[in-house]
>>> print(open('protein-v4.cif').read())   # mmCIF, C-alpha atoms
data_structure
#
loop_
_atom_site.label_atom_id
_atom_site.label_comp_id
_atom_site.auth_asym_id
_atom_site.auth_seq_id
_atom_site.Cartn_x
_atom_site.Cartn_y
_atom_site.Cartn_z
CA MET A 27 0.00 0.00 0.00
CA ASN A 28 1.14 3.55 -0.72
CA ILE A 29 0.86 5.64 2.45
CA PHE A 30 1.33 9.40 2.80
CA LEU A 31 2.18 10.73 6.28
CA VAL A 32 1.80 14.40 7.11
CA LEU A 33 3.21 15.81 10.37
CA ALA A 34 2.25 19.21 11.78
CA HIS A 35 4.21 19.84 14.98
CA PRO A 36 7.11 22.29 15.46
CA GLU A 37 9.05 20.11 17.92
CA PRO A 38 10.65 16.93 16.50
CA GLN A 39 10.98 15.39 19.98
CA SER A 40 7.29 15.89 20.79
CA PHE A 41 4.89 13.01 21.27
CA ASN A 42 3.45 13.80 17.84
CA GLY A 43 6.93 13.67 16.36
CA ALA A 44 7.59 10.33 18.02
CA LEU A 45 4.30 8.92 16.73
CA PHE A 46 5.14 10.15 13.23
CA ARG A 47 8.55 8.45 13.23
CA GLU A 48 7.19 5.23 14.75
CA THR A 49 4.36 5.14 12.24
CA GLN A 50 6.82 5.49 9.38
CA ARG A 51 9.09 2.79 10.81
CA LEU A 52 6.27 0.29 11.36
CA LEU A 53 4.67 0.84 7.99
CA LEU A 54 7.97 0.41 6.16
CA LYS A 55 8.67 -2.72 8.19
CA ALA A 56 5.29 -4.10 7.14
CA GLY A 57 6.23 -3.65 3.49
CA HIS A 58 4.26 -0.52 2.68
CA VAL A 59 5.67 2.29 0.55
CA VAL A 60 5.73 5.54 2.53
CA LYS A 61 6.10 9.19 1.55
CA THR A 62 6.13 11.97 4.13
CA SER A 63 5.65 15.69 4.57
CA ASP A 64 7.02 17.07 7.84
CA LEU A 65 5.56 20.54 7.35
CA TYR A 66 7.67 22.44 9.91
CA ALA A 67 10.88 20.71 8.81
CA MET A 68 9.99 21.62 5.22
CA ASN A 69 9.36 25.21 6.32
CA PHE A 70 6.08 24.95 4.43
CA ASN A 71 4.47 28.35 3.89
CA PRO A 72 0.78 28.13 4.89
CA ALA A 73 -0.20 31.51 3.42
CA SER A 74 -2.01 31.20 0.12
CA GLY A 75 -1.41 33.66 -2.70
CA ARG A 76 0.09 34.02 -6.17
CA ARG A 77 3.11 32.06 -4.90
CA ASN A 78 0.94 28.97 -5.45
CA PHE A 79 1.24 29.32 -9.22
CA LEU A 80 3.65 29.59 -12.11
CA THR A 81 0.80 30.77 -14.32
CA VAL A 82 -1.46 33.83 -14.16
CA LYS A 83 -5.09 33.77 -15.26
CA ASP A 84 -5.96 37.34 -14.25
CA PRO A 85 -3.10 39.71 -13.34
CA HIS A 86 -5.48 42.41 -12.11
CA TYR A 87 -7.65 40.49 -9.63
CA PHE A 88 -6.58 37.46 -7.62
CA LYS A 89 -9.33 34.87 -7.32
CA PRO A 90 -7.77 31.69 -5.90
CA GLN A 91 -10.23 29.21 -7.40
CA ALA A 92 -9.95 30.72 -10.87
CA GLU A 93 -6.17 30.58 -10.70
CA GLU A 94 -6.33 26.99 -9.41
CA MET A 95 -8.53 25.93 -12.30
CA PHE A 96 -6.22 27.61 -14.80
CA ALA A 97 -3.14 26.04 -13.21
CA SER A 98 -4.86 22.63 -13.28
CA GLU A 99 -5.48 23.02 -17.00
CA THR A 100 -2.00 24.30 -17.85
CA GLY A 101 0.32 22.54 -15.39
CA GLY A 102 0.89 25.81 -13.60
CA PHE A 103 1.29 24.96 -9.93
CA ALA A 104 4.41 26.05 -8.06
CA GLN A 105 6.84 23.22 -7.29
CA ASP A 106 5.99 22.96 -3.57
CA ILE A 107 2.27 22.59 -4.36
CA GLU A 108 2.79 20.20 -7.27
CA GLN A 109 4.94 17.91 -5.13
CA GLU A 110 2.23 17.68 -2.46
CA LEU A 111 -0.51 17.12 -5.03
CA GLN A 112 1.47 14.26 -6.51
CA LYS A 113 1.78 12.63 -3.07
CA LEU A 114 -2.00 12.92 -2.66
CA GLU A 115 -2.64 11.39 -6.06
CA TRP A 116 -0.12 8.61 -5.40
CA CYS A 117 -1.28 7.41 -1.99
CA HIS A 118 -3.91 4.85 -1.03
CA LEU A 119 -3.98 6.02 2.59
CA MET A 120 -3.15 9.44 4.03
CA ILE A 121 -2.46 9.95 7.75
CA TRP A 122 -2.37 13.39 9.36
CA GLN A 123 -0.42 13.54 12.65
CA PHE A 124 -1.05 16.71 14.64
CA PRO A 125 -1.99 18.26 17.99
CA LEU A 126 -5.51 19.64 18.30
CA TRP A 127 -5.00 23.40 18.70
CA TRP A 128 -7.94 25.71 19.39
CA PHE A 129 -10.34 22.92 18.42
CA GLY A 130 -8.87 22.60 14.96
CA LEU A 131 -5.83 22.02 12.81
CA PRO A 132 -2.52 23.77 13.47
CA ALA A 133 -2.27 26.76 11.13
CA ILE A 134 0.48 25.16 9.06
CA LEU A 135 -1.71 22.12 8.30
CA LYS A 136 -4.81 24.22 7.60
CA GLY A 137 -2.66 26.33 5.27
CA TRP A 138 -1.41 23.16 3.60
CA ALA A 139 -5.02 22.20 2.93
CA ASP A 140 -5.83 25.71 1.68
CA ARG A 141 -2.94 25.71 -0.79
CA VAL A 142 -2.71 22.06 -1.86
CA LEU A 143 -6.36 21.02 -2.14
CA ALA A 144 -6.79 23.05 -5.29
CA MET A 145 -9.91 23.37 -7.39
CA GLY A 146 -9.46 21.46 -10.60
CA ARG A 147 -7.04 18.94 -9.08
CA ALA A 148 -8.66 18.07 -5.73
CA TYR A 149 -12.31 18.97 -6.41
CA GLY A 150 -14.54 20.87 -8.80
CA HIS A 151 -17.10 20.28 -11.57
CA GLY A 152 -19.35 18.40 -9.15
CA ARG A 153 -16.56 16.11 -7.97
CA MET A 154 -17.11 15.98 -4.21
CA TYR A 155 -18.06 13.50 -1.49
CA ASP A 156 -19.00 10.15 -3.08
CA ARG A 157 -18.05 11.58 -6.50
CA GLY A 158 -14.85 13.12 -5.16
CA VAL A 159 -11.52 13.12 -6.95
CA PHE A 160 -9.94 10.88 -4.30
CA ARG A 161 -12.76 8.35 -3.90
CA GLY A 162 -11.35 4.91 -3.17
CA LYS A 163 -8.62 6.39 -0.99
CA ARG A 164 -8.70 6.45 2.81
CA ALA A 165 -7.62 8.97 5.42
CA LEU A 166 -6.86 8.82 9.13
CA LEU A 167 -6.52 11.63 11.66
CA SER A 168 -3.98 10.76 14.36
CA LEU A 169 -4.01 13.52 16.94
CA THR A 170 -3.33 14.51 20.50
CA THR A 171 -5.30 16.72 22.86
CA GLY A 172 -4.36 18.75 25.89
CA GLY A 173 -7.58 17.94 27.73
CA PRO A 174 -8.57 14.54 29.13
CA ARG A 175 -10.94 12.12 27.40
CA GLU A 176 -13.93 13.06 29.58
CA ALA A 177 -13.64 16.69 28.48
CA TYR A 178 -14.34 15.60 24.88
CA GLU A 179 -17.27 13.30 25.57
CA LYS A 180 -20.90 14.24 25.01
CA GLY A 181 -21.74 16.62 27.82
CA GLY A 182 -18.06 17.28 28.47
CA ILE A 183 -16.73 20.79 28.90
CA HIS A 184 -15.23 20.89 25.39
CA GLY A 185 -18.02 19.01 23.63
CA ASP A 186 -18.10 15.74 21.73
CA ILE A 187 -14.77 15.16 19.95
CA HIS A 188 -16.56 13.85 16.87
CA SER A 189 -18.38 17.16 16.52
CA VAL A 190 -15.08 18.99 16.97
CA LEU A 191 -13.47 16.94 14.20
CA ARG A 192 -16.42 17.01 11.80
CA PRO A 193 -15.26 20.13 9.88
CA ILE A 194 -11.97 18.36 9.17
CA GLN A 195 -13.25 14.88 8.46
CA ARG A 196 -16.42 15.81 6.58
CA GLY A 197 -15.65 19.33 5.39
CA ILE A 198 -12.16 18.60 4.05
CA LEU A 199 -11.35 14.91 3.67
CA GLU A 200 -14.72 13.46 2.69
CA PHE A 201 -15.44 16.54 0.58
CA ILE A 202 -12.55 15.64 -1.73
CA GLY A 203 -13.52 11.97 -1.79
CA PHE A 204 -11.50 10.28 0.95
CA SER A 205 -13.16 7.60 3.07
CA VAL A 206 -12.32 8.47 6.66
CA LEU A 207 -11.25 5.94 9.28
CA VAL A 208 -12.14 6.32 12.95
CA PRO A 209 -9.70 8.94 14.33
CA HIS A 210 -6.83 7.85 16.53
CA ILE A 211 -6.76 10.14 19.56
CA VAL A 212 -4.33 10.31 22.48
CA TYR A 213 -6.00 12.43 25.15
CA GLY A 214 -4.30 14.62 27.76
CA VAL A 215 -0.88 13.97 26.28
CA ASN A 216 0.93 16.39 28.61
CA ARG A 217 -0.34 14.49 31.65
CA LEU A 218 0.69 11.03 30.51
CA THR A 219 3.19 9.04 32.54
CA ASP A 220 5.99 7.16 30.83
CA ASP A 221 3.95 3.96 31.19
CA ASP A 222 0.92 5.70 29.69
CA ARG A 223 2.99 6.73 26.69
CA LYS A 224 4.32 3.22 26.22
CA GLN A 225 0.79 1.86 26.28
CA ALA A 226 -0.32 4.49 23.78
CA PHE A 227 2.44 3.39 21.42
CA ILE A 228 1.52 -0.29 21.85
CA TYR A 229 -2.14 0.42 21.13
CA TYR A 230 -1.35 2.42 18.00
CA THR A 231 1.15 -0.21 16.83
CA ARG A 232 -1.55 -2.88 16.99
CA ARG A 233 -3.89 -0.69 14.99
CA LEU A 234 -1.29 0.02 12.31
CA GLU A 235 -0.60 -3.70 11.92
CA SER A 236 -4.13 -4.17 10.56
CA ILE A 237 -4.70 -0.74 9.01
CA ILE A 238 -4.83 -2.22 5.52
CA ASP A 239 -8.01 -4.14 6.42
CA GLU A 240 -9.69 -1.44 8.47
CA GLU A 241 -13.10 -0.27 7.33
CA PRO A 242 -13.91 3.45 7.13
CA SER A 243 -16.53 5.17 9.24
CA LEU A 244 -20.01 5.58 7.81
CA VAL A 245 -20.09 8.77 5.75
CA GLY A 246 -20.99 11.73 7.94
CA ASN A 247 -21.41 9.51 11.01
CA TYR A 248 -19.64 11.77 13.49
#
>>> encode(input="protein-v4.cif", output="structure tokens")
Amino acid sequence: MNIFLVLAHPEPQSFNGALFRETQRLLLKAGHVVKTSDLYAMNFNPASGRRNFLTVKDPHYFKPQAEEMFASETGGFAQDIEQELQKLEWCHLMIWQFPLWWFGLPAILKGWADRVLAMGRAYGHGRMYDRGVFRGKRALLSLTTGGPREAYEKGGIHGDIHSVLRPIQRGILEFIGFSVLVPHIVYGVNRLTDDDRKQAFIYYTRRLESIIDEEPSLVGNY
């Protein structure tokens, strides 16, 4: 299986960084082909603009979707965007590894989505959800939270985690055609003991061993 790993954490020695490296190691050991994007290490620029393109559709007024469509038709994406698009098109499974910040994606990962998921290449002309460009591919969110599990349960102080993640899973990944697996969540990561962390690694390792056979969630069932 071709697997694309995306990491969004500024500290390589963080728990997210460790999960990213362990995921890569285990998947390679299992015989999968793995490509990665460590966004902070790449110094990926999350701010969208004309830097996304080699081509110009309208030099007087910048409309991102119009420029994306034109670049899709003419091969006009900047190298950093084209490389990421090719990884998306190549993979069978994409895994995003990130900390939940302010109930959403870190800015660098949201900016990655803004710039890379371009109209014409990732969606457009009615190609969305079950008719999406990437239908047949799967995606997994692997994330950490600062708060404990009970804070993200129904009735918890932060609200149901599945509602928190819906804009990402439904509004981004399913929108472009990915089938989304049940998210992998490590709660209260800053409060974990060394034994807790070891157990978290063991649990995730077991899941990765059978990831190829794992069924996606029901569409929109968050």
>>> resolve_selection(input="protein-v4.cif", expression="the PyMOL selection byres ((chain A and resi 169-184) around 8)", output="count of residues only")
20
>>> resolve_selection(input="protein-v4.cif", expression="the PyMOL selection byres ((chain A and resi 91-107) around 7)", output="ChimeraX atom specification")
/A:77-83,89-90,108-111,142,144-147
>>> atom_distance(input="protein-v4.cif", atom1="CA of Pro36 (chain A)", atom2="CA of Trp128 (chain A)")
15.9 Å
>>> closest_residue(input="protein-v4.cif", among="A:Ser189, A:Ser243, A:Ser236, A:Thr219", to="Phe129 (chain A)", atoms="all atoms listed in the file")
A:Ser189
>>> atom_distance(input="protein-v4.cif", atom1="CA of Phe227 (chain A)", atom2="CA of Ile29 (chain A)")
19.2 Å
>>> resolve_selection(input="protein-v4.cif", expression="the PyMOL selection byres ((chain A and resi 47) around 12)", output="list in words")
Leu31, Val32, Leu33, Pro38, Gln39, Ser40, Phe41, Asn42, Gly43, Ala44, Leu45, Phe46, Glu48, Thr49, Gln50, Arg51, Leu52, Leu53, Leu54, Val60, Lys61, Thr62, Ser63, Asp64, Gln123, Phe227 and Thr231 of chain A
>>> atom_distance(input="protein-v4.cif", atom1="CA of Asn69 (chain A)", atom2="CA of Phe88 (chain A)")
24.5 Å
>>> closest_residue(input="protein-v4.cif", among="A:Leu191, A:Met154, A:Leu166, A:Leu199", to="Arg233 (chain A)", atoms="all atoms listed in the file")
A:Leu166
>>> closest_residue(input="protein-v4.cif", among="A:Ala148, A:Ile134, A:Leu114, A:Leu119", to="Leu65 (chain A)", atoms="only C-alpha atoms")
A:Ile134
>>> closest_residue(input="protein-v4.cif", among="A:Ser74, A:Val190, A:Gly150, A:Asp222", to="Gly130 (chain A)", atoms="all atoms listed in the file")
A:Val190
>>> closest_residue(input="protein-v4.cif", among="A:Lys113, A:His86, A:His58, A:Arg223", to="Phe160 (chain A)", atoms="all atoms listed in the file")
A:Lys113
>>> axis_aligned_box(input="protein-v4.cif", around="region 133-141 of chain A", padding_each_side="5 Å", output="AutoDock Vina command-line options")
--center_x -2.7 --center_y 24.4 --center_z 5.2 --size_x 16.3 --size_y 14.6 --size_z 21.9
